[in-house]
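Visitor: Contents are mmCIF, C-alpha atoms and all ligand atoms; file name upload20.cif:
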```cif
data_run
#
loop_
_atom_site.group_PDB
_atom_site.id
_atom_site.type_symbol
_atom_site.label_atom_id
_atom_site.label_comp_id
_atom_site.auth_asym_id
_atom_site.auth_seq_id
_atom_site.Cartn_x
_atom_site.Cartn_y
_atom_site.Cartn_z
ATOM 1 C CA MET J 27 0.000 0.000 0.000
ATOM 2 C CA SER J 28 1.364 3.424 -0.875
ATOM 3 C CA HIS J 29 1.507 6.204 1.663
ATOM 4 C CA GLU J 30 -1.131 8.152 -0.292
ATOM 5 C CA GLU J 31 -3.576 5.248 0.037
ATOM 6 C CA ASP J 32 -3.491 5.701 3.813
ATOM 7 C CA ALA J 33 -5.404 8.942 3.346
ATOM 8 C CA ASP J 34 -8.788 7.199 3.662
ATOM 9 C CA LEU J 35 -7.850 5.706 7.039
ATOM 10 C CA PRO J 36 -8.761 7.424 10.319
ATOM 11 C CA LYS J 37 -5.928 9.770 11.286
ATOM 12 C CA HIS J 38 -4.667 7.616 14.183
ATOM 13 C CA LEU J 39 -4.241 4.608 11.848
ATOM 14 C CA ARG J 40 -2.223 6.387 9.150
ATOM 15 C CA ARG J 41 1.400 5.360 8.928
ATOM 16 C CA LYS J 42 4.079 7.791 9.983
ATOM 17 C CA LYS J 43 7.725 7.920 8.990
ATOM 18 C CA LEU J 44 10.119 6.384 11.511
ATOM 19 C CA GLY J 45 13.246 8.193 12.617
ATOM 20 C CA ALA J 46 15.694 8.908 15.419
ATOM 21 C CA LYS J 47 12.972 8.963 18.071
ATOM 22 C CA PRO J 48 10.833 5.839 18.630
ATOM 23 C CA LEU J 49 7.236 6.034 17.431
ATOM 24 C CA ILE J 50 5.307 5.000 20.547
ATOM 25 C CA HIS J 51 1.518 4.617 20.432
ATOM 26 C CA GLU J 52 -0.287 6.849 22.892
ATOM 27 C CA THR J 53 -1.792 3.825 24.669
ATOM 28 C CA ALA J 54 1.554 2.034 25.091
ATOM 29 C CA VAL J 55 3.270 2.034 28.474
ATOM 30 C CA VAL J 56 7.060 2.350 28.352
ATOM 31 C CA ARG J 57 9.139 2.590 31.530
ATOM 32 C CA HIS J 58 12.914 2.779 32.040
ATOM 33 C CA SER J 59 13.665 1.486 28.561
ATOM 34 C CA THR J 60 15.907 2.604 25.727
ATOM 35 C CA PHE J 61 15.373 2.610 21.977
ATOM 36 C CA GLY J 62 17.580 2.815 18.934
ATOM 37 C CA LYS J 63 16.534 4.574 15.750
ATOM 38 C CA PHE J 64 13.571 3.561 13.543
ATOM 39 C CA CYS J 65 11.777 1.783 16.421
ATOM 40 C CA LYS J 66 8.018 1.460 16.801
ATOM 41 C CA VAL J 67 5.802 0.419 19.719
ATOM 42 C CA GLY J 68 2.170 -0.415 19.011
ATOM 43 C CA ALA J 69 -1.083 0.073 20.861
ATOM 44 C CA ARG J 70 -1.441 -1.192 24.432
ATOM 45 C CA THR J 71 2.064 -2.641 24.418
ATOM 46 C CA THR J 72 4.013 -2.547 27.679
ATOM 47 C CA ILE J 73 7.799 -2.313 27.748
ATOM 48 C CA ILE J 74 9.565 -2.279 31.109
ATOM 49 C CA GLU J 75 13.335 -1.991 31.782
ATOM 50 C CA SER J 76 14.258 -3.212 28.312
ATOM 51 C CA GLU J 77 16.555 -2.208 25.476
ATOM 52 C CA VAL J 78 15.220 -2.118 21.954
ATOM 53 C CA GLY J 79 17.735 -2.013 19.101
ATOM 54 C CA ASP J 80 17.577 -0.019 15.870
ATOM 55 C CA TYR J 81 14.776 -0.891 13.398
ATOM 56 C CA SER J 82 12.964 -3.156 15.889
ATOM 57 C CA TYR J 83 9.263 -2.976 16.608
ATOM 58 C CA ALA J 84 6.520 -4.522 18.685
ATOM 59 C CA VAL J 85 2.969 -4.342 17.396
ATOM 60 C CA ASN J 86 -0.123 -4.225 19.591
ATOM 61 C CA ASP J 87 -0.647 -5.755 23.023
ATOM 62 C CA ALA J 88 2.856 -7.139 23.590
ATOM 63 C CA GLU J 89 4.276 -7.344 27.134
ATOM 64 C CA ILE J 90 8.045 -6.984 27.256
ATOM 65 C CA VAL J 91 9.897 -6.957 30.560
ATOM 66 C CA TYR J 92 13.633 -7.060 31.379
ATOM 67 C CA THR J 93 14.498 -7.927 27.796
ATOM 68 C CA THR J 94 17.364 -7.051 25.475
ATOM 69 C CA ILE J 95 16.128 -6.827 21.908
ATOM 70 C CA GLY J 96 18.645 -6.656 19.084
ATOM 71 C CA LYS J 97 18.312 -4.769 15.825
ATOM 72 C CA PHE J 98 15.683 -5.476 13.137
ATOM 73 C CA VAL J 99 13.590 -7.597 15.516
ATOM 74 C CA SER J 100 9.895 -8.094 14.732
ATOM 75 C CA ILE J 101 7.630 -8.695 17.718
ATOM 76 C CA GLY J 102 4.094 -9.777 16.834
ATOM 77 C CA PRO J 103 0.835 -8.938 18.587
ATOM 78 C CA LEU J 104 0.118 -10.339 22.056
ATOM 79 C CA VAL J 105 3.687 -11.568 22.507
ATOM 80 C CA GLY J 106 4.985 -12.039 26.059
ATOM 81 C CA LEU J 107 8.714 -11.636 26.597
ATOM 82 C CA ASN J 108 9.860 -12.568 30.096
ATOM 83 C CA PRO J 109 6.573 -13.062 31.960
ATOM 84 C CA ALA J 110 7.671 -13.217 35.596
ATOM 85 C CA ASN J 111 7.609 -16.266 37.808
ATOM 86 C CA HIS J 112 5.934 -16.000 41.196
ATOM 87 C CA PRO J 113 7.943 -17.288 44.196
ATOM 88 C CA TYR J 114 6.182 -20.650 44.056
ATOM 89 C CA GLU J 115 8.634 -22.394 46.389
ATOM 90 C CA ARG J 116 7.216 -20.427 49.332
ATOM 91 C CA ALA J 117 4.175 -21.111 51.513
ATOM 92 C CA SER J 118 2.353 -18.480 49.450
ATOM 93 C CA GLN J 119 3.168 -17.288 45.950
ATOM 94 C CA SER J 120 0.624 -14.448 46.133
ATOM 95 C CA HIS J 121 1.382 -10.819 45.331
ATOM 96 C CA PHE J 122 0.910 -9.776 48.949
ATOM 97 C CA THR J 123 4.186 -11.511 49.880
ATOM 98 C CA TYR J 124 6.336 -9.364 47.566
ATOM 99 C CA LYS J 125 4.246 -6.489 46.214
ATOM 100 C CA SER J 126 3.548 -5.853 49.869
ATOM 101 C CA TRP J 127 3.449 -2.037 49.768
ATOM 102 C CA GLN J 128 -0.017 -2.110 48.215
ATOM 103 C CA TYR J 129 -1.450 -4.265 50.977
ATOM 104 C CA PHE J 130 0.107 -3.134 54.271
ATOM 105 C CA GLU J 131 1.205 -0.028 56.127
ATOM 106 C CA ASP J 132 4.946 0.459 56.676
ATOM 107 C CA VAL J 133 6.085 -2.426 54.448
ATOM 108 C CA ASP J 134 8.019 -2.046 51.199
ATOM 109 C CA ASP J 135 7.994 -4.274 48.183
ATOM 110 C CA GLU J 136 10.550 -7.106 48.309
ATOM 111 C CA ALA J 137 13.509 -5.654 46.419
ATOM 112 C CA GLU J 138 15.477 -8.921 46.235
ATOM 113 C CA LEU J 139 12.699 -10.688 44.352
ATOM 114 C CA PHE J 140 12.618 -7.968 41.708
ATOM 115 C CA ASP J 141 16.426 -8.044 41.493
ATOM 116 C CA ASP J 142 16.244 -11.793 40.805
ATOM 117 C CA ARG J 143 13.739 -11.175 38.048
ATOM 118 C CA ARG J 144 15.949 -8.462 36.572
ATOM 119 C CA SER J 145 18.864 -10.901 36.414
ATOM 120 C CA ALA J 146 16.824 -13.402 34.361
ATOM 121 C CA ARG J 147 16.773 -11.261 31.237
ATOM 122 C CA VAL J 148 15.436 -12.464 27.929
ATOM 123 C CA THR J 149 17.581 -11.773 24.864
ATOM 124 C CA ILE J 150 16.248 -11.614 21.331
ATOM 125 C CA GLY J 151 18.884 -11.624 18.580
ATOM 126 C CA HIS J 152 19.062 -9.367 15.537
ATOM 127 C CA ASP J 153 16.549 -10.029 12.743
ATOM 128 C CA ALA J 154 14.555 -12.492 14.873
ATOM 129 C CA TRP J 155 10.778 -12.671 14.387
ATOM 130 C CA VAL J 156 8.519 -13.565 17.311
ATOM 131 C CA GLY J 157 5.093 -14.595 16.014
ATOM 132 C CA ARG J 158 1.644 -13.780 17.306
ATOM 133 C CA ALA J 159 0.957 -14.609 20.948
ATOM 134 C CA ALA J 160 4.276 -16.410 21.445
ATOM 135 C CA ILE J 161 5.871 -16.421 24.887
ATOM 136 C CA VAL J 162 9.575 -16.444 25.743
ATOM 137 C CA LEU J 163 10.051 -17.499 29.353
ATOM 138 C CA PRO J 164 12.527 -15.802 31.728
ATOM 139 C CA GLY J 165 16.243 -16.089 31.035
ATOM 140 C CA ARG J 166 15.948 -17.549 27.529
ATOM 141 C CA THR J 167 17.746 -16.389 24.410
ATOM 142 C CA VAL J 168 16.327 -16.412 20.902
ATOM 143 C CA GLY J 169 19.235 -16.453 18.478
ATOM 144 C CA ILE J 170 19.950 -14.112 15.599
ATOM 145 C CA GLY J 171 17.688 -14.621 12.593
ATOM 146 C CA SER J 172 15.399 -17.129 14.322
ATOM 147 C CA ILE J 173 11.622 -17.443 14.136
ATOM 148 C CA VAL J 174 9.364 -18.189 17.077
ATOM 149 C CA ALA J 175 6.133 -19.488 15.525
ATOM 150 C CA ALA J 176 2.743 -18.082 16.448
ATOM 151 C CA GLY J 177 1.581 -19.347 19.836
ATOM 152 C CA ALA J 178 4.908 -20.971 20.767
ATOM 153 C CA VAL J 179 6.142 -21.145 24.341
ATOM 154 C CA VAL J 180 9.934 -20.921 24.362
ATOM 155 C CA THR J 181 11.336 -22.877 27.315
ATOM 156 C CA LYS J 182 14.866 -23.425 25.951
ATOM 157 C CA ASP J 183 17.342 -21.195 24.144
ATOM 158 C CA VAL J 184 16.795 -21.034 20.393
ATOM 159 C CA ALA J 185 19.905 -21.328 18.203
ATOM 160 C CA PRO J 186 20.493 -18.725 15.462
ATOM 161 C CA TYR J 187 18.511 -19.105 12.223
ATOM 162 C CA THR J 188 16.197 -21.762 13.682
ATOM 163 C CA ILE J 189 12.391 -21.941 13.382
ATOM 164 C CA VAL J 190 10.702 -23.191 16.552
ATOM 165 C CA GLY J 191 7.039 -23.733 17.367
ATOM 166 C CA GLY J 192 4.612 -25.394 19.759
ATOM 167 C CA ASN J 193 4.369 -25.688 23.508
ATOM 168 C CA PRO J 194 7.033 -26.385 24.622
ATOM 169 C CA ALA J 195 8.708 -24.944 21.525
ATOM 170 C CA ARG J 196 10.606 -27.498 19.433
ATOM 171 C CA GLU J 197 12.609 -27.008 16.265
ATOM 172 C CA ILE J 198 10.366 -27.052 13.180
ATOM 173 C CA ARG J 199 13.328 -26.724 10.837
ATOM 174 C CA PRO J 200 16.380 -24.515 10.296
ATOM 175 C CA ARG J 201 15.566 -21.245 8.545
ATOM 176 C CA PHE J 202 18.668 -21.701 6.389
ATOM 177 C CA ALA J 203 21.220 -24.453 5.837
ATOM 178 C CA PRO J 204 24.073 -24.258 8.386
ATOM 179 C CA ASP J 205 26.633 -22.824 5.930
ATOM 180 C CA ILE J 206 24.238 -20.022 4.909
ATOM 181 C CA ALA J 207 23.514 -19.212 8.554
ATOM 182 C CA THR J 208 27.244 -19.095 9.310
ATOM 183 C CA ARG J 209 27.875 -16.769 6.371
ATOM 184 C CA LEU J 210 25.052 -14.431 7.422
ATOM 185 C CA LEU J 211 26.449 -14.335 10.958
ATOM 186 C CA GLU J 212 29.813 -13.368 9.483
ATOM 187 C CA LEU J 213 28.404 -10.788 7.066
ATOM 188 C CA LYS J 214 26.602 -8.984 9.926
ATOM 189 C CA TRP J 215 24.469 -6.910 7.564
ATOM 190 C CA TRP J 216 22.619 -5.554 10.639
ATOM 191 C CA GLU J 217 25.674 -3.412 11.355
ATOM 192 C CA TRP J 218 25.397 -1.612 8.025
ATOM 193 C CA SER J 219 24.614 2.087 7.909
ATOM 194 C CA HIS J 220 21.166 3.349 6.965
ATOM 195 C CA ARG J 221 22.617 4.510 3.660
ATOM 196 C CA ASP J 222 24.066 1.062 2.901
ATOM 197 C CA LEU J 223 20.756 -0.600 3.783
ATOM 198 C CA LYS J 224 18.988 1.699 1.331
ATOM 199 C CA ARG J 225 21.586 0.904 -1.322
ATOM 200 C CA ALA J 226 21.099 -2.836 -0.794
ATOM 201 C CA LEU J 227 17.297 -2.664 -0.491
ATOM 202 C CA GLY J 228 16.666 -3.958 -4.003
ATOM 203 C CA ASP J 229 19.006 -6.894 -3.389
ATOM 204 C CA PHE J 230 17.373 -7.733 -0.051
ATOM 205 C CA ARG J 231 14.099 -7.871 -1.965
ATOM 206 C CA SER J 232 15.081 -9.732 -5.102
ATOM 207 C CA LEU J 233 18.240 -11.803 -4.627
ATOM 208 C CA SER J 234 18.260 -15.317 -3.225
ATOM 209 C CA VAL J 235 20.099 -15.478 0.088
ATOM 210 C CA GLU J 236 22.967 -17.297 -1.686
ATOM 211 C CA ALA J 237 23.255 -14.591 -4.358
ATOM 212 C CA PHE J 238 22.960 -11.871 -1.715
ATOM 213 C CA LEU J 239 25.787 -13.394 0.309
ATOM 214 C CA GLY J 240 27.932 -13.857 -2.814
ATOM 215 C CA LYS J 241 27.560 -10.212 -3.805
ATOM 216 C CA TYR J 242 28.112 -8.634 -0.389
ATOM 217 C CA GLU J 243 30.852 -11.006 0.764
ATOM 218 C CA ALA J 244 32.774 -10.042 -2.404
ATOM 219 C CA GLU J 245 32.140 -6.361 -1.655
ATOM 220 C CA ALA J 246 33.344 -6.751 1.941
ATOM 221 C CA GLU J 247 36.457 -8.562 0.725
ATOM 222 C CA ALA J 248 37.191 -5.807 -1.821
ATOM 223 C CA ASN J 249 36.828 -3.176 0.926
ATOM 224 C CA ARG J 250 39.238 -5.151 3.122
ATOM 225 C CA ILE J 251 41.852 -5.137 0.361
ATOM 226 C CA ILE J 252 41.402 -1.416 -0.312
ATOM 227 C CA ASP J 253 41.515 -0.441 3.361
ATOM 228 C CA PRO J 254 44.507 -2.125 5.037
ATOM 229 C CA LEU J 255 43.371 -0.845 8.440
ATOM 230 C CA LEU J 256 40.297 -3.112 8.371
HETATM 231 C C1 LIG E 301 6.594 -20.550 11.835
HETATM 232 C C2 LIG E 301 6.022 -20.176 10.481
HETATM 233 C C3 LIG E 301 6.763 -18.948 9.933
HETATM 234 C C4 LIG E 301 6.299 -21.374 9.579
HETATM 235 O O1 LIG E 301 5.747 -21.107 8.338
HETATM 236 P P1 LIG E 301 5.920 -22.210 7.152
HETATM 237 O O2 LIG E 301 7.360 -22.415 6.872
HETATM 238 O O3 LIG E 301 5.048 -21.780 6.030
HETATM 239 O O4 LIG E 301 5.390 -23.524 7.870
HETATM 240 P P2 LIG E 301 4.402 -24.661 7.350
HETATM 241 O O5 LIG E 301 3.000 -24.157 7.354
HETATM 242 O O6 LIG E 301 4.974 -25.221 6.078
HETATM 243 O O7 LIG E 301 4.536 -25.722 8.504
HETATM 244 C C5 LIG E 301 5.737 -26.453 8.701
HETATM 245 C C6 LIG E 301 5.540 -27.330 9.938
HETATM 246 O O8 LIG E 301 5.533 -26.468 11.087
HETATM 247 C C7 LIG E 301 4.320 -26.611 11.817
HETATM 248 N N1 LIG E 301 3.925 -25.284 12.278
HETATM 249 C C8 LIG E 301 3.754 -24.169 11.515
HETATM 250 N N2 LIG E 301 3.386 -23.139 12.291
HETATM 251 C C9 LIG E 301 3.331 -23.596 13.542
HETATM 252 C C10 LIG E 301 2.992 -23.004 14.764
HETATM 253 N N3 LIG E 301 2.652 -21.699 14.834
HETATM 254 N N4 LIG E 301 3.052 -23.735 15.877
HETATM 255 C C11 LIG E 301 3.392 -25.046 15.805
HETATM 256 N N5 LIG E 301 3.721 -25.684 14.669
HETATM 257 C C12 LIG E 301 3.673 -24.959 13.553
HETATM 258 C C13 LIG E 301 3.323 -27.187 10.818
HETATM 259 O O9 LIG E 301 2.313 -27.917 11.477
HETATM 260 C C14 LIG E 301 4.218 -28.077 9.987
HETATM 261 O O10 LIG E 301 4.455 -29.270 10.697
HETATM 262 P P3 LIG E 301 4.598 -30.686 9.924
HETATM 263 O O11 LIG E 301 5.836 -30.543 9.059
HETATM 264 O O12 LIG E 301 4.776 -31.661 11.040
HETATM 265 O O13 LIG E 301 3.369 -30.854 9.122
HETATM 266 C C15 LIG E 301 4.514 -19.852 10.544
HETATM 267 O O14 LIG E 301 3.762 -21.039 10.652
HETATM 268 C C16 LIG E 301 4.157 -18.945 11.714
HETATM 269 O O15 LIG E 301 3.863 -19.367 12.841
HETATM 270 N N6 LIG E 301 4.185 -17.612 11.432
HETATM 271 C C17 LIG E 301 3.913 -16.606 12.399
HETATM 272 C C18 LIG E 301 2.857 -15.635 11.846
HETATM 273 C C19 LIG E 301 2.596 -14.536 12.817
HETATM 274 O O16 LIG E 301 2.434 -14.765 13.994
HETATM 275 N N7 LIG E 301 2.558 -13.317 12.325
HETATM 276 C C20 LIG E 301 2.349 -12.175 13.181
HETATM 277 C C21 LIG E 301 2.784 -10.946 12.466
HETATM 278 S S1 LIG E 301 4.268 -10.266 13.201
#
```
What does this structure look like when you write it as structure tokens?
Ligand SMILES: CC(C)(COP(=O)(O)OP(=O)(O)OC[C@H]1O[C@@H](n2cnc3c(N)ncnc32)[C@H](O)[C@@H]1OP(=O)(O)O)[C@@H](O)C(=O)NCCC(=O)NCCS
Guide:
Amino acid sequence: MSHEEDADLPKHLRRKKLGAKPLIHETAVVRHSTFGKFCKVGARTTIIESEVGDYSYAVNDAEIVYTTIGKFVSIGPLVGLNPANHPYERASQSHFTYKSWQYFEDVDDEAELFDDRRSARVTIGHDAWVGRAAIVLPGRTVGIGSIVAAGAVVTKDVAPYTIVGGNPAREIRPRFAPDIATRLLELKWWEWSHRDLKRALGDFRSLSVEAFLGKYEAEAEANRIIDPLL
């Protein structure tokens, strides 16, 4: 759809250009979090104490807590990243035992419990895609370039360029053959400048991954020869 075709949409649904500042929907709740450039946060999404890398977005109704999100990450609707565990080993796992301030006079919340939760960060690698209503449990890592299928519950780390699905999430198949994945990890296109991304846009769209790697590996090699400092 072209930008002009948005004109018939209600104003709040029209697309806006992304830029240095994140585009955060007015109904989203964002606390103590940082964003790179070209980031977008959709309606009713909550992001708490997280880092969101350049070009990454979360659409509507996601809940993201204590999570490090790489660049170019796509977070689908209703996704849960790092839903917290209650202290179930205790006599009671109820909120009153640790969110105590709301229930009693002269008692604070239990700082240590929140510190433990903070230390169990979720990490989502560059160019990963987390599908609709998927959940990544505390402390897990989703590798670079991976896909978490819609509705999956990730209970174990996901290796780079792997597609996982189901509950508990199991490998569906690799996204790419191992040698292609290795070459993409070495190419690190996610570190390219905005200008270089624009220059390569047509190739991202039209070249096979093999042809894309062939072209840009050769370019990187030529640059290495030209610039002896690299
Ligand atoms: C993971 C996904 C990308 C795979 O797509 P695909 O390669 O076309 O997969 P297929 O439909 O060919 O299915 C391949 C296998 O994976 C299984 N599978 C696919 N999606 C699955 C899911 N969400 N959960 C569990 N298993 C799934 C299929 O049952 C099939 O299994 P089989 O080989 O035993 O028959 C896709 O199914 C998916 O979940 N996309 C997410 C869409 C989404 O949430 N978008 C939100 C917008 S951000």
Visitor: Could you list, as a PyMOL selection string, every residue matched by the PyMOL selection byres (((not hetatm)) within 10 of (chain E and resi 301)) in this structure?
Guide: chain J and resi 83-86+99-105+155-160+172-179+188-201
Visitor: When the PyMOL selection byres (((chain J and resi 71) around 7) and not hetatm) is applied to the file above, which residues end up in the set, as JSON, numbers by chain?
Guide: {"J": [54, 55, 67, 68, 69, 70, 72, 73, 86, 87, 88, 89]}
Visitor: Using CA of Lys224 (chain J) and CA of Asp153 (chain J) as the two end points, give the distance in Å to one decimal.
Guide: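 Atom-to-atom, CA of Lys224 (chain J) and CA of Asp153 (chain J) are spaced 16.5 Å apart.
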Visitor: Nearest residue to His58 (chain J) out of J:Asp253, J:Glu77, J:Asp132, J:Glu243, using all atoms listed in the file?
Guide: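 Among the listed residues, the smallest separation from His58 (chain J) belongs to J:Glu77.
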Visitor: At most 9 Å from (19.1, -10.6, 34.9), file frame, all atoms listed in the file: which residues, as JSON, numbers by chain?
Guide: {"J": [92, 93, 141, 142, 143, 144, 145, 146, 147, 148, 164, 165]}
Visitor: Considering only C-alpha atoms, state which residue in the set J:Ser234, J:Asn108, J:Ser219, J:Gln128 is at the smallest distance from Ile161 (chain J).
Guide: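 Using only C-alpha atoms, Ile161 (chain J) sits closest to J:Asn108.
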Visitor: For each of J:Glu212, J:Asp183, J:Glu217, J:Glu138, take the minimum atom-to-atom distance to Gly79 (chain J), counting only C-alpha atoms, then give the residue where this is smallest.
Guide: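 Of the candidates, the smallest distance to Gly79 (chain J) is held by J:Glu217.
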Visitor: Counting all atoms listed in the file, which of J:Lys47, J:Glu136, J:Arg209, J:Lys214 gets nearest to Gly240 (chain J)?
Guide: J:Arg209
Visitor: Of the residues J:Phe238, J:Tyr124, J:Trp218, J:Tyr81, which is the one nearest to Ala137 (chain J), using only C-alpha atoms?
Guide: J:Tyr124
Visitor: When distances are computed from only C-alpha atoms, which of J:Thr208, J:Thr167, J:Ser59, J:Gln119 shows the smallest separation from Ser76 (chain J)?
Guide: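 The shortest atom-to-atom distance to Ser76 (chain J) comes from J:Ser59.
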Visitor: May I have the residues within 8 Å of Gly151 (chain J) as a PyMOL selection string, using only C-alpha atoms and disregarding those fewer than 5 positions away in the same chain?
Guide: chain J and resi 95-97+99+167-172+186
Visitor: Work out how far apart CA of Thr149 (chain J) and CA of Val162 (chain J) are and give it in Å to one decimal.
Guide: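 About the pair CA of Thr149 (chain J) and CA of Val162 (chain J): they are 9.3 Å apart.
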Visitor: In Å, rounded to a single decimal, give me how far CA of Leu239 (chain J) is from CA of Ala203 (chain J).
Guide: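 Interatomic distance here is 13.2 Å.
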Visitor: The PyMOL selection byres (((chain J and resi 46) around 9) and not hetatm) on the file shown: which residues, as a list in words?
Guide: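 With the PyMOL selection byres (((chain J and resi 46) around 9) and not hetatm) on this model, the match is Leu44, Gly45, Lys47, Pro48, Gly62, Lys63, Phe64 and Cys65 of chain J.
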